[in-house]
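Written out below as structure tokens is the structure these notes cover.
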Amino acid sequence: MMSIPTTVTCRDCGGLGLCSACDGTGRVQCAHCDDGWVVHDTWSYCDEPFQSIEPCDYCGGSGVQACADCGGSGLCDACNGSGEEVAIW
């Protein structure tokens, strides 16, 4: 029996060609901060608690990072953005 390759709609993106993890933007919300800022609970010299706020080291204070699923391209990794994949029948 001979196998015949044919193109079908990509199962990962449904034919859109866009990364489903970031909706095609190439960016996702940083998991290490809250809108680019990190809150640290600290104690003062007078033994009083206070909070310091600093920009996030992971995203540089932007609150977003490149999508790990598509490497920041916004394209579906399974079909390289074509919306189709090859199936063998």
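All residue names refer to the structure tokens as shown: chains lettered A, B, ... in order, residues numbered from 1 in each chain, ligands numbered from 1 in order.
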For Gly63 of chain A, work out the shell of residues within 9 Å, counting only C-alpha atoms and skipping chain neighbours fewer than 3 positions away, then give it as a VMD selection string. chain A and resid 28 to 37 56 58 to 60
Would you please give, as a list in words, all residues of segment 15-85 of chain A that DSSP assigns to strand (DSSP E or B) based on the backbone?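 Put together, the selection reads Leu18, Arg27, Val28, Gln29, Asp34, Trp37, Val38, Val39, His40, Asp41, Thr42, Trp43, Pro49, Phe50, Gln51, Ser52, Ile53, Glu54, Pro55, Val64, Gln65, Ala66, Leu75, Glu84 and Glu85 of chain A.
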Write the selection just made, keeping C-alpha atoms, as a PDB file, in the first residue's frame?
```
ATOM      1  CA  LEU A  18      -0.886  31.778  15.135  1.00  0.00           C
ATOM      2  CA  ARG A  27       4.464  38.125  24.115  1.00  0.00           C
ATOM      3  CA  VAL A  28       3.052  36.722  27.351  1.00  0.00           C
ATOM      4  CA  GLN A  29       2.564  38.218  30.792  1.00  0.00           C
ATOM      5  CA  ASP A  34       2.889  42.132  38.803  1.00  0.00           C
ATOM      6  CA  TRP A  37       7.084  45.431  39.484  1.00  0.00           C
ATOM      7  CA  VAL A  38       8.216  43.168  42.333  1.00  0.00           C
ATOM      8  CA  VAL A  39       7.260  43.886  45.957  1.00  0.00           C
ATOM      9  CA  HIS A  40       9.730  42.932  48.691  1.00  0.00           C
ATOM     10  CA  ASP A  41       8.729  42.771  52.348  1.00  0.00           C
ATOM     11  CA  THR A  42      11.587  44.205  54.381  1.00  0.00           C
ATOM     12  CA  TRP A  43      12.319  45.263  57.949  1.00  0.00           C
ATOM     13  CA  PRO A  49       8.009  46.237  58.445  1.00  0.00           C
ATOM     14  CA  PHE A  50       7.806  48.041  55.119  1.00  0.00           C
ATOM     15  CA  GLN A  51       7.637  47.152  51.466  1.00  0.00           C
ATOM     16  CA  SER A  52      10.053  48.117  48.731  1.00  0.00           C
ATOM     17  CA  ILE A  53       9.070  48.028  45.077  1.00  0.00           C
ATOM     18  CA  GLU A  54      11.575  47.349  42.308  1.00  0.00           C
ATOM     19  CA  PRO A  55      11.400  46.677  38.564  1.00  0.00           C
ATOM     20  CA  VAL A  64       5.746  40.944  29.454  1.00  0.00           C
ATOM     21  CA  GLN A  65       8.198  38.379  28.130  1.00  0.00           C
ATOM     22  CA  ALA A  66       8.747  36.623  24.813  1.00  0.00           C
ATOM     23  CA  LEU A  75       3.570  31.904  14.771  1.00  0.00           C
ATOM     24  CA  GLU A  84      -1.404  23.526   7.449  1.00  0.00           C
ATOM     25  CA  GLU A  85       0.513  20.385   8.258  1.00  0.00           C
TER      26      GLU A  85
END
```
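Proximity to Asn80 of chain A was assessed for A:Cys13, A:Asp57, A:Ser62, A:Thr25 counting only C-alpha atoms; the smallest distance is recorded for A:Cys13.
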Considering only C-alpha atoms, return as an MDAnalysis selection string whatever protein or nucleic-acid residues lie within 12 Å of segment 3-11 of chain A, sequence-local ones (same chain, fewer than 4 positions apart) excluded. chainID A and resid 15:20 76:89
